[in-house]
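Participant: What follows is the file entry15.cif, containing mmCIF, C-alpha atoms:
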data_upload
#
loop_
_atom_site.label_atom_id
_atom_site.label_comp_id
_atom_site.auth_asym_id
_atom_site.auth_seq_id
_atom_site.Cartn_x
_atom_site.Cartn_y
_atom_site.Cartn_z
CA MET A 1 8.88 -11.32 -6.80
CA TYR A 2 8.51 -8.41 -4.45
CA ALA A 3 12.12 -8.44 -5.48
CA GLN A 4 12.19 -9.03 -9.24
CA LEU A 5 15.31 -8.90 -11.35
CA VAL A 6 17.73 -8.56 -8.46
CA LYS A 7 21.20 -8.36 -9.92
CA SER A 8 23.43 -10.89 -8.22
CA GLU A 9 27.16 -10.42 -7.75
CA GLY A 10 29.99 -12.79 -8.40
CA SER A 11 29.13 -16.33 -9.34
CA LYS A 12 32.18 -18.50 -8.60
CA SER A 13 33.00 -22.18 -8.84
CA ARG A 14 34.51 -23.89 -5.79
CA GLU A 15 37.93 -23.86 -7.47
CA GLU A 16 37.82 -20.09 -7.83
CA MET A 17 36.80 -19.44 -4.21
CA THR A 18 39.17 -18.19 -1.51
CA PRO A 19 39.37 -20.29 1.69
CA GLU A 20 37.09 -17.76 3.40
CA GLU A 21 34.53 -17.97 0.64
CA LEU A 22 34.66 -21.73 0.70
CA SER A 23 33.99 -22.01 4.41
CA PHE A 24 31.22 -19.43 4.04
CA GLN A 25 29.56 -21.50 1.31
CA ASP A 26 29.95 -24.63 3.44
CA ARG A 27 28.18 -22.96 6.34
CA ILE A 28 25.29 -22.03 4.07
CA ASP A 29 25.15 -25.54 2.66
CA ARG A 30 24.93 -26.88 6.22
CA GLY A 31 21.90 -24.63 6.76
CA GLU A 32 23.61 -22.28 9.22
CA LYS A 33 22.38 -18.71 9.48
CA VAL A 34 24.66 -15.79 8.68
CA GLU A 35 24.47 -12.94 11.20
CA PRO A 36 25.22 -9.23 10.71
CA LYS A 37 28.73 -8.85 12.11
CA GLU A 38 30.07 -12.08 10.63
CA TRP A 39 32.32 -12.24 7.61
CA MET A 40 30.47 -12.51 4.31
CA PRO A 41 31.51 -12.12 0.68
CA GLU A 42 31.02 -8.58 -0.59
CA GLY A 43 28.77 -9.92 -3.37
CA TYR A 44 26.48 -11.62 -0.86
CA ARG A 45 26.16 -8.39 1.10
CA LYS A 46 25.49 -6.26 -1.97
CA THR A 47 22.99 -8.66 -3.49
CA LEU A 48 21.12 -8.89 -0.18
CA ILE A 49 20.95 -5.11 0.18
CA ARG A 50 19.46 -4.91 -3.30
CA GLN A 51 16.98 -7.70 -2.68
CA ILE A 52 15.86 -6.73 0.83
CA GLY A 53 15.77 -3.08 -0.17
CA GLN A 54 13.61 -3.82 -3.20
CA HIS A 55 11.37 -5.94 -1.04
CA ALA A 56 11.04 -3.15 1.56
CA HIS A 57 10.32 -0.55 -1.12
CA SER A 58 7.60 -2.81 -2.52
CA GLU A 59 5.91 -3.00 0.86
CA ILE A 60 5.67 0.75 1.29
CA VAL A 61 4.90 1.62 -2.34
CA GLY A 62 2.32 -1.16 -2.11
CA GLN A 63 0.44 0.94 0.42
CA LEU A 64 -0.42 3.49 -2.27
CA PRO A 65 -2.79 1.55 -4.56
CA GLU A 66 -4.72 0.36 -1.51
CA GLY A 67 -4.57 3.65 0.33
CA ASN A 68 -6.53 4.96 -2.64
CA TRP A 69 -9.58 3.02 -1.38
CA ILE A 70 -9.46 3.72 2.35
CA THR A 71 -11.73 6.74 1.99
CA ARG A 72 -13.95 4.93 -0.49
CA ALA A 73 -14.48 1.57 1.24
CA PRO A 74 -18.13 0.49 1.06
CA THR A 75 -18.65 0.00 4.82
CA LEU A 76 -17.03 1.16 8.04
CA GLU A 77 -15.93 -2.39 8.77
CA ARG A 78 -14.28 -2.79 5.34
CA LYS A 79 -12.58 0.55 5.89
CA ALA A 80 -11.20 -0.49 9.28
CA ILE A 81 -9.95 -3.78 7.82
CA LEU A 82 -8.28 -2.08 4.85
CA LEU A 83 -6.70 0.45 7.17
CA ALA A 84 -5.27 -2.37 9.29
CA LYS A 85 -3.90 -4.07 6.19
CA VAL A 86 -2.24 -0.92 4.88
CA GLN A 87 -0.77 -0.33 8.35
CA ASP A 88 0.64 -3.86 8.26
CA GLU A 89 2.39 -3.06 4.98
CA ALA A 90 4.14 -0.12 6.64
CA GLY A 91 5.27 -2.49 9.39
CA HIS A 92 6.52 -5.02 6.83
CA GLY A 93 8.50 -2.29 5.11
CA LEU A 94 10.02 -1.36 8.44
CA TYR A 95 11.05 -4.93 9.34
CA LEU A 96 12.77 -5.24 5.97
CA TYR A 97 14.47 -1.84 6.07
CA SER A 98 15.81 -2.78 9.51
CA ALA A 99 17.13 -6.06 8.12
CA ALA A 100 18.82 -4.22 5.23
CA GLU A 101 20.38 -1.72 7.64
CA THR A 102 22.19 -4.53 9.47
CA LEU A 103 24.20 -4.92 6.25
CA GLY A 104 25.68 -1.45 6.57
CA VAL A 105 23.36 0.68 4.46
CA SER A 106 21.46 3.55 6.11
CA ARG A 107 17.71 4.09 5.96
CA ASP A 108 18.20 7.48 4.33
CA GLU A 109 20.42 5.94 1.67
CA LEU A 110 17.75 3.37 0.85
CA MET A 111 15.10 6.08 0.66
CA GLU A 112 17.30 8.21 -1.55
CA LYS A 113 17.86 5.28 -3.91
CA LEU A 114 14.16 4.58 -4.16
CA HIS A 115 13.31 8.20 -4.79
CA SER A 116 16.02 8.67 -7.42
CA GLY A 117 14.91 5.50 -9.23
CA ASN A 118 18.20 3.70 -8.53
CA MET A 119 16.37 0.97 -6.63
CA LYS A 120 13.18 -0.64 -7.86
CA TYR A 121 9.99 -1.89 -6.29
CA SER A 122 7.67 -4.60 -7.60
CA SER A 123 6.16 -3.90 -11.01
CA ILE A 124 2.70 -4.83 -9.72
CA PHE A 125 2.24 -1.56 -7.87
CA ASN A 126 2.46 0.44 -11.06
CA TYR A 127 -1.03 -0.68 -12.06
CA PRO A 128 -4.05 1.39 -11.07
CA THR A 129 -6.76 0.24 -8.63
CA LEU A 130 -9.89 1.35 -10.45
CA THR A 131 -12.77 -0.24 -8.50
CA TRP A 132 -13.45 -1.70 -5.05
CA ALA A 133 -13.17 -5.16 -6.60
CA ASP A 134 -9.50 -4.35 -7.18
CA MET A 135 -9.02 -4.40 -3.40
CA GLY A 136 -10.28 -7.97 -3.54
CA ALA A 137 -8.06 -8.91 -6.47
CA VAL A 138 -4.98 -7.29 -4.93
CA GLY A 139 -5.43 -9.11 -1.61
CA TRP A 140 -6.25 -12.41 -3.25
CA LEU A 141 -3.71 -12.40 -6.12
CA VAL A 142 -0.96 -9.96 -5.18
CA ASP A 143 -0.70 -10.95 -1.53
CA GLY A 144 -1.24 -14.56 -2.58
CA ALA A 145 1.73 -14.36 -4.93
CA ALA A 146 3.76 -12.57 -2.24
CA ILE A 147 3.09 -15.33 0.28
CA MET A 148 4.15 -17.95 -2.25
CA ASN A 149 7.56 -16.26 -2.42
CA GLN A 150 7.87 -15.31 1.23
CA VAL A 151 7.10 -18.64 2.86
CA PRO A 152 10.26 -20.32 1.51
CA LEU A 153 12.28 -17.16 2.27
CA GLN A 154 11.68 -17.77 5.97
CA ARG A 155 14.51 -20.32 5.55
CA THR A 156 16.86 -17.89 3.84
CA SER A 157 20.50 -17.88 4.97
CA TYR A 158 20.67 -14.32 6.32
CA GLY A 159 19.37 -14.29 9.90
CA PRO A 160 17.77 -10.81 10.04
CA TYR A 161 16.06 -11.35 6.66
CA SER A 162 14.77 -14.74 7.74
CA ARG A 163 13.39 -13.34 11.00
CA ALA A 164 11.68 -10.48 9.15
CA MET A 165 10.10 -12.99 6.76
CA ILE A 166 8.81 -15.13 9.62
CA ARG A 167 7.10 -12.12 11.14
CA ILE A 168 5.70 -10.97 7.82
CA CYS A 169 4.33 -14.40 6.89
CA LYS A 170 2.50 -14.59 10.21
CA GLU A 171 0.67 -11.38 9.37
CA GLU A 172 0.31 -11.81 5.63
CA SER A 173 -2.29 -14.58 5.45
CA PHE A 174 -4.86 -12.16 6.88
CA HIS A 175 -4.23 -10.03 3.80
CA GLN A 176 -4.94 -12.73 1.28
CA ARG A 177 -8.04 -13.87 3.12
CA GLN A 178 -9.49 -10.38 3.34
CA GLY A 179 -8.98 -10.06 -0.43
CA TYR A 180 -10.71 -13.35 -1.15
CA ASP A 181 -13.50 -12.37 1.23
CA ILE A 182 -14.12 -9.23 -0.84
CA MET A 183 -14.14 -11.34 -4.04
CA MET A 184 -16.63 -13.82 -2.53
CA LYS A 185 -18.92 -11.01 -1.49
CA MET A 186 -18.80 -9.36 -4.92
CA CYS A 187 -19.30 -12.65 -6.75
CA ALA A 188 -22.38 -13.42 -4.64
CA GLY A 189 -23.75 -9.92 -5.32
CA THR A 190 -25.56 -8.36 -8.27
CA PRO A 191 -24.51 -9.20 -11.85
CA GLU A 192 -22.82 -5.78 -11.97
CA GLN A 193 -20.79 -6.56 -8.86
CA LYS A 194 -19.77 -9.93 -10.22
CA ALA A 195 -18.76 -8.26 -13.47
CA MET A 196 -16.54 -5.89 -11.49
CA ALA A 197 -14.88 -8.87 -9.84
CA GLN A 198 -14.29 -10.50 -13.23
CA ASP A 199 -12.90 -7.26 -14.59
CA ALA A 200 -10.50 -6.98 -11.66
CA LEU A 201 -9.29 -10.55 -12.22
CA ASN A 202 -8.85 -9.81 -15.94
CA ARG A 203 -6.66 -6.81 -15.22
CA PHE A 204 -4.60 -8.28 -12.37
CA TRP A 205 -4.01 -11.85 -13.61
CA TYR A 206 -1.02 -11.25 -15.87
CA PRO A 207 0.57 -8.52 -13.72
CA ALA A 208 0.34 -11.01 -10.82
CA LEU A 209 2.12 -13.67 -12.90
CA MET A 210 4.83 -11.11 -13.71
CA MET A 211 5.51 -10.65 -10.00
CA PHE A 212 7.62 -13.81 -10.00
CA GLY A 213 10.02 -12.28 -12.51
CA PRO A 214 11.04 -13.49 -15.96
CA SER A 215 11.47 -17.13 -16.79
CA ASP A 216 14.59 -18.64 -15.23
CA LYS A 217 16.04 -19.45 -18.61
CA ASP A 218 16.34 -15.66 -19.08
CA SER A 219 17.35 -14.93 -15.51
CA ILE A 220 21.10 -14.69 -15.16
CA HIS A 221 21.06 -13.97 -11.44
CA SER A 222 19.19 -16.97 -10.13
CA ALA A 223 22.01 -19.49 -9.79
CA GLN A 224 24.28 -17.50 -7.46
CA SER A 225 21.38 -16.31 -5.33
CA MET A 226 20.14 -19.86 -4.97
CA ALA A 227 23.59 -21.10 -3.96
CA TRP A 228 23.64 -18.40 -1.27
CA LYS A 229 20.09 -19.33 -0.23
CA ILE A 230 18.78 -15.83 -0.65
CA LYS A 231 16.51 -17.18 -3.35
CA MET A 232 14.90 -20.49 -2.51
CA ASN A 233 12.93 -21.42 -5.64
CA THR A 234 13.14 -20.59 -9.30
CA ASN A 235 10.74 -18.01 -10.70
CA ASP A 236 9.03 -20.61 -12.87
CA GLU A 237 8.50 -23.04 -9.97
CA LEU A 238 6.78 -20.37 -7.92
CA ARG A 239 4.69 -19.13 -10.85
CA GLN A 240 3.50 -22.69 -11.56
CA LYS A 241 2.60 -23.18 -7.91
CA PHE A 242 0.69 -19.91 -7.88
CA VAL A 243 -1.34 -20.81 -10.97
CA ASP A 244 -2.16 -24.27 -9.62
CA GLN A 245 -3.28 -22.80 -6.31
CA THR A 246 -5.28 -19.94 -7.78
CA VAL A 247 -7.22 -21.64 -10.58
CA PRO A 248 -9.52 -23.65 -8.26
CA GLN A 249 -10.07 -20.54 -6.14
CA ALA A 250 -11.23 -18.64 -9.24
CA LYS A 251 -13.50 -21.53 -10.13
CA TYR A 252 -15.10 -21.44 -6.69
CA LEU A 253 -15.86 -17.76 -7.24
CA GLY A 254 -17.41 -18.55 -10.62
CA LEU A 255 -14.83 -16.36 -12.35
CA THR A 256 -12.91 -17.12 -15.53
CA VAL A 257 -9.12 -16.84 -15.61
CA PRO A 258 -8.40 -14.70 -18.69
CA ASP A 259 -6.26 -17.29 -20.48
CA GLU A 260 -7.58 -19.41 -23.35
CA ASN A 261 -4.60 -21.73 -23.09
CA LEU A 262 -5.17 -22.56 -19.45
CA VAL A 263 -5.60 -26.31 -19.20
CA TRP A 264 -4.78 -29.03 -16.66
CA ASN A 265 -1.81 -31.10 -17.73
CA GLU A 266 -2.15 -34.52 -16.15
CA GLU A 267 1.35 -35.54 -17.14
CA LYS A 268 3.15 -32.74 -15.29
CA GLY A 269 0.54 -32.56 -12.57
CA GLY A 270 0.00 -28.86 -13.09
CA HIS A 271 -1.68 -26.37 -15.37
CA ASP A 272 -0.39 -25.24 -18.73
CA PHE A 273 -0.86 -21.51 -19.05
CA SER A 274 0.12 -18.51 -21.17
CA GLU A 275 3.15 -16.47 -20.27
CA PRO A 276 2.52 -12.82 -19.49
CA ASP A 277 3.67 -10.23 -22.01
CA TRP A 278 7.29 -9.78 -20.97
CA SER A 279 7.79 -6.69 -23.09
CA GLU A 280 5.11 -5.05 -20.93
CA PHE A 281 6.94 -6.22 -17.81
CA PHE A 282 10.24 -4.71 -18.92
CA ALA A 283 8.49 -1.48 -19.91
CA VAL A 284 6.90 -1.21 -16.45
CA ILE A 285 10.20 -1.97 -14.71
CA ALA A 286 11.89 0.67 -16.84
CA GLY A 287 9.43 3.25 -15.54
CA ASN A 288 6.80 3.23 -18.26
CA GLY A 289 3.90 1.51 -16.50
CA PRO A 290 0.51 3.17 -16.08
CA CYS A 291 1.26 4.56 -12.58
CA ASN A 292 5.06 4.71 -12.17
CA ALA A 293 5.24 8.50 -12.11
CA GLU A 294 2.25 8.79 -9.78
CA ARG A 295 3.57 6.20 -7.28
CA LEU A 296 7.10 7.54 -7.11
CA GLY A 297 5.77 11.10 -7.09
CA ALA A 298 3.62 10.29 -4.05
CA ARG A 299 6.62 8.78 -2.24
CA VAL A 300 8.90 11.72 -2.96
CA LYS A 301 6.21 14.21 -1.97
CA ALA A 302 5.58 12.42 1.34
CA TRP A 303 9.31 12.36 2.05
CA ASP A 304 9.87 16.02 1.15
CA ASP A 305 6.74 17.30 2.86
CA GLY A 306 7.64 15.36 6.01
CA ALA A 307 11.18 16.73 6.24
CA TRP A 308 10.31 19.66 8.53
CA PHE A 309 8.48 17.26 10.85
CA ARG A 310 11.32 14.74 11.06
CA GLU A 311 13.80 17.56 11.67
CA GLY A 312 11.50 19.19 14.22
CA LEU A 313 11.18 16.03 16.30
CA MET A 314 14.94 15.54 16.19
CA ALA A 315 15.58 19.15 17.26
CA HIS A 316 13.11 18.70 20.12
CA ALA A 317 14.82 15.49 21.21
CA ASP A 318 18.24 17.16 21.12
CA LYS A 319 17.01 20.10 23.21
CA ALA A 320 15.35 17.83 25.73
CA ALA A 321 18.53 15.79 26.04
CA ALA A 322 20.60 18.95 26.55
CA ARG A 323 18.17 20.11 29.27
CA ARG A 324 18.44 16.75 31.02
CA ILE A 325 22.23 16.91 30.99
CA ALA A 326 22.17 20.52 32.31
CA ALA A 327 19.86 19.50 35.17
CA GLU A 328 22.09 16.65 36.29
CA MET B 1 20.85 13.88 5.66
CA SER B 2 22.78 14.05 8.92
CA SER B 3 19.50 14.31 10.81
CA GLU B 4 18.57 10.63 10.46
CA TRP B 5 16.77 9.50 13.61
CA PRO B 6 18.82 7.14 15.77
CA LEU B 7 18.16 3.41 15.76
CA TRP B 8 16.50 1.69 18.74
CA GLU B 9 16.28 -1.98 19.60
CA ILE B 10 12.85 -3.06 20.79
CA PHE B 11 12.10 -5.61 23.50
CA ILE B 12 8.57 -6.82 24.27
CA ARG B 13 7.26 -8.82 27.20
CA GLY B 14 4.45 -11.12 26.09
CA GLN B 15 1.29 -12.01 27.96
CA HIS B 16 2.62 -14.96 29.90
CA GLY B 17 5.16 -13.46 32.24
CA LEU B 18 8.23 -14.39 30.20
CA ASN B 19 11.28 -12.17 29.78
CA HIS B 20 11.27 -9.21 27.48
CA ARG B 21 12.35 -10.52 24.10
CA HIS B 22 14.09 -8.71 21.26
CA VAL B 23 11.62 -8.29 18.40
CA GLY B 24 13.34 -5.86 16.05
CA SER B 25 14.42 -2.28 15.69
CA LEU B 26 13.18 1.09 14.50
CA HIS B 27 14.22 4.70 14.12
CA ALA B 28 12.89 7.37 16.47
CA PRO B 29 14.05 10.80 17.64
CA ASP B 30 13.88 9.91 21.35
CA ALA B 31 12.94 7.15 23.77
CA GLU B 32 9.37 8.28 24.19
CA MET B 33 8.73 8.24 20.44
CA ALA B 34 10.54 4.91 20.17
CA ILE B 35 8.03 3.41 22.61
CA ARG B 36 5.10 4.90 20.74
CA ASN B 37 6.39 3.64 17.41
CA ALA B 38 7.19 0.22 18.88
CA ARG B 39 3.64 -0.01 20.13
CA ASP B 40 2.34 0.67 16.60
CA VAL B 41 4.77 -1.62 14.84
CA TYR B 42 5.36 -4.53 17.18
CA THR B 43 2.17 -4.91 19.24
CA ARG B 44 -0.58 -4.67 16.62
CA ARG B 45 -1.87 -8.12 17.53
CA ASN B 46 -1.76 -8.20 21.31
CA GLU B 47 1.85 -9.34 21.36
CA GLY B 48 2.86 -7.53 24.50
CA VAL B 49 2.16 -6.01 27.89
CA SER B 50 5.43 -4.10 28.28
CA ILE B 51 7.99 -2.45 25.99
CA TRP B 52 11.67 -1.70 26.50
CA VAL B 53 13.61 0.46 24.06
CA VAL B 54 17.41 0.72 23.98
CA ARG B 55 19.58 2.85 21.73
CA SER B 56 21.33 0.41 19.37
CA ASN B 57 24.57 2.33 19.90
CA ASP B 58 24.41 1.54 23.61
CA ILE B 59 24.49 -2.22 23.07
CA THR B 60 27.82 -4.01 23.31
CA ALA B 61 27.82 -7.34 21.52
CA SER B 62 30.20 -10.25 21.66
CA SER B 63 32.25 -10.56 18.52
CA PRO B 64 31.54 -13.41 16.10
CA SER B 65 35.28 -14.23 16.04
CA GLU B 66 35.12 -14.95 19.78
CA LYS B 67 32.47 -17.60 19.29
CA GLY B 68 34.93 -20.42 19.93
CA PRO B 69 36.65 -19.21 23.11
CA LEU B 70 33.33 -18.01 24.57
CA PHE B 71 31.02 -20.90 23.90
CA ASP B 72 33.06 -24.01 23.16
CA PRO B 73 34.07 -24.66 26.81
CA SER B 74 30.51 -25.54 27.74
CA ASN B 75 30.43 -28.30 25.12
CA SER B 76 32.55 -30.60 27.25
CA LYS B 77 30.57 -30.07 30.45
CA VAL B 78 27.74 -32.44 29.76
CA TYR B 79 27.34 -33.09 33.51
CA ARG B 80 25.56 -29.75 33.67
CA HIS B 81 22.53 -31.44 32.16
CA PRO B 82 20.31 -33.63 34.34
CA THR B 83 20.24 -36.38 31.72
CA PHE B 84 23.96 -36.98 32.39
CA PHE B 85 23.05 -38.89 35.56
CA ASP B 86 21.44 -42.32 35.48
CA ILE B 87 18.86 -42.69 38.21
CA PRO B 88 17.49 -46.23 38.79
CA GLU B 89 13.97 -46.65 37.54
CA GLU B 90 12.63 -47.78 40.95
CA ILE B 91 13.51 -44.34 42.35
CA GLY B 92 10.84 -42.85 40.09
CA HIS B 93 10.71 -39.26 38.99
CA MET B 94 13.53 -37.03 40.12
#
Would you encode the structure as structure tokens?
Facilitator:
Amino acid sequence: MYAQLVKSEGSKSREEMTPEELSFQDRIDRGEKVEPKEWMPEGYRKTLIRQIGQHAHSEIVGQLPEGNWITRAPTLERKAILLAKVQDEAGHGLYLYSAAETLGVSRDELMEKLHSGNMKYSSIFNYPTLTWADMGAVGWLVDGAAIMNQVPLQRTSYGPYSRAMIRICKEESFHQRQGYDIMMKMCAGTPEQKAMAQDALNRFWYPALMMFGPSDKDSIHSAQSMAWKIKMNTNDELRQKFVDQTVPQAKYLGLTVPDENLVWNEEKGGHDFSEPDWSEFFAVIAGNGPCNAERLGARVKAWDDGAWFREGLMAHADKAAARRIAAE
Amino acid sequence: MSSEWPLWEIFIRGQHGLNHRHVGSLHAPDAEMAIRNARDVYTRRNEGVSIWVVRSNDITASSPSEKGPLFDPSNSKVYRHPTFFDIPEEIGHM
């Protein structure tokens, strides 16, 4: 979801596996964790780099739509809270980049791939945040959807990824709550404020559903990733869970989920709901969402403008080290 | 891109007097900046009272292929655990 459409490598039956691959799969089936220096199939390593990298990119690109509101928050307290949340996202990006680096890819390589468009980030961050209510909707829906995906990933087979997820989940529930808190406040406010909250829900509902990725019947990569335990649930399972969790929360706020087909289905014990517009999803992924150019542009500019600073600190560190050696 | 900052492993001692514990890693130009960055990234919620930083390159790790020879021998030495010994109930807590 923060990692949508991750291309998975090499799906093999047991008969096709080498002895090494077989014993690797057995370890995963037993629930053992795989650690950085251990043998792993090349496909496992590559798929993980893609997935963790995409996840990390989503965390840091995800700072941008919210960063937009730090200077515009309605009170000093809201501003401090939003600042703390955006700072958390930077931390989450870092944990994940570090996990990806244990697989033999460098941080600079990951950055380069993000900036050149060779690696993706979640489609959700290519939508604009137009009003303060969007900060509520993003925390409530986007972080809510993220948690839904990240909680099971704490049990993922790759040790460093699992440990990063555990840390992130600990911090993430603050994010969703602060979003819902904003929504509660707006919905208890003036009719105009409540209308803003409804408008934010209207705009973010379907993009939030898209975060889980296309339906599994169209997802060719799910099976191998699930066998490797780097994907724990199908996209449709998680999307269903998200809808079932979110609908009562919207009701409590007095807001209407923008879906005429939304209805409780007693038989399946869940809601029936409309699929998002997948052609929109693929267009956004391909780079044609409302904010793709702006988001990536901001990332590239930050990276390029910061180059002299990164190099300066490194040059200073090298000089200081040389002086220390000379003094010894 | 040869100027990538080196990688540091971060160890934090929590509030309750336990050992420093490995919490993750980060890039920084030098040790001082590594500590500052570690403070921002790994102690945002009162997690620690002390930080150690170590260059990742300076860590020597045991090899996964040595797992057997290194750790298997202790499997057979169950007498190293107190529960190996039966103490009569009338003796009480020991």
Participant: Might you pull out every residue within 9 Å of Ser98 (chain A), with only C-alpha atoms counted and same-chain residues fewer than 4 positions away left off, and present them as an NGL selection string?
Facilitator: (:A and (93-94 or 102 or 107 or 160 or 164)) or (:B and (24-27))
Participant: Those same residues, written as a compact mmCIF listing (two decimals), in the frame of the given file with C-alpha atoms?
Facilitator:
# COMPACT_ATOMS: atom_id res chain seq x y z
CA GLY A 93 8.50 -2.29 5.11
CA LEU A 94 10.02 -1.36 8.44
CA THR A 102 22.19 -4.53 9.47
CA ARG A 107 17.71 4.09 5.96
CA PRO A 160 17.77 -10.81 10.04
CA ALA A 164 11.68 -10.48 9.15
CA GLY B 24 13.34 -5.86 16.05
CA SER B 25 14.42 -2.28 15.69
CA LEU B 26 13.18 1.09 14.50
CA HIS B 27 14.22 4.70 14.12
Participant: Quick one: of B:Phe85, B:Phe11, B:Phe71, B:Trp5, who's nearest to Gly48 (chain B), counting only C-alpha atoms?
Facilitator: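 Closest residue, counting only C-alpha atoms: B:Phe11.
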Participant: Considering only C-alpha atoms, can you say which of B:Pro64, B:Glu9, B:Thr83, B:His20 comes closest to chain A?
Facilitator: B:Pro64
Participant: Using all atoms listed in the file, which residues sit within 12 Å of Asp40 (chain B) once same-chain residues fewer than 2 positions away are excluded, as a list in words?
Facilitator: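 Residues meeting the cut-off are Ala84, Gln87, Asp88, Ala90, Gly91 and Leu94 of chain A; Ile10, Leu26, Met33, Ala34, Ile35, Arg36, Asn37, Ala38, Tyr42, Thr43, Arg44, Arg45, Asn46, Glu47, Gly48 and Ile51 of chain B.
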Participant: Expand the PyMOL selection byres ((chain B) within 6 of (chain A)) into the explicit residue set it covers here, and present it as a list in words.
Facilitator: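 Here the PyMOL selection byres ((chain B) within 6 of (chain A)) matches Pro29, Asp30, Val41 and Pro64 of chain B.
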Participant: Can you turn the PyMOL selection byres ((chain A and resi 179) around 7) into a concrete residue list for this file, as number ranges by chain?
Facilitator: A: 135-140, 175-178, 180-183
Participant: For the structure provided, state which residues fall under the PyMOL selection byres ((chain A and resi 113) around 12), and present them as a count of residues only.
Facilitator: 24
Participant: Report, as lines of an AutoDock Vina configuration file, the centre and edge lengths in Å (one decimal) of the axis-aligned box enclosing every listed atom of region 22-35 of chain B, padded by 8 Å on each side.
Facilitator:
center_x = 11.2
center_y = 1.0
center_z = 19.2
size_x = 22.4
size_y = 35.5
size_z = 26.1
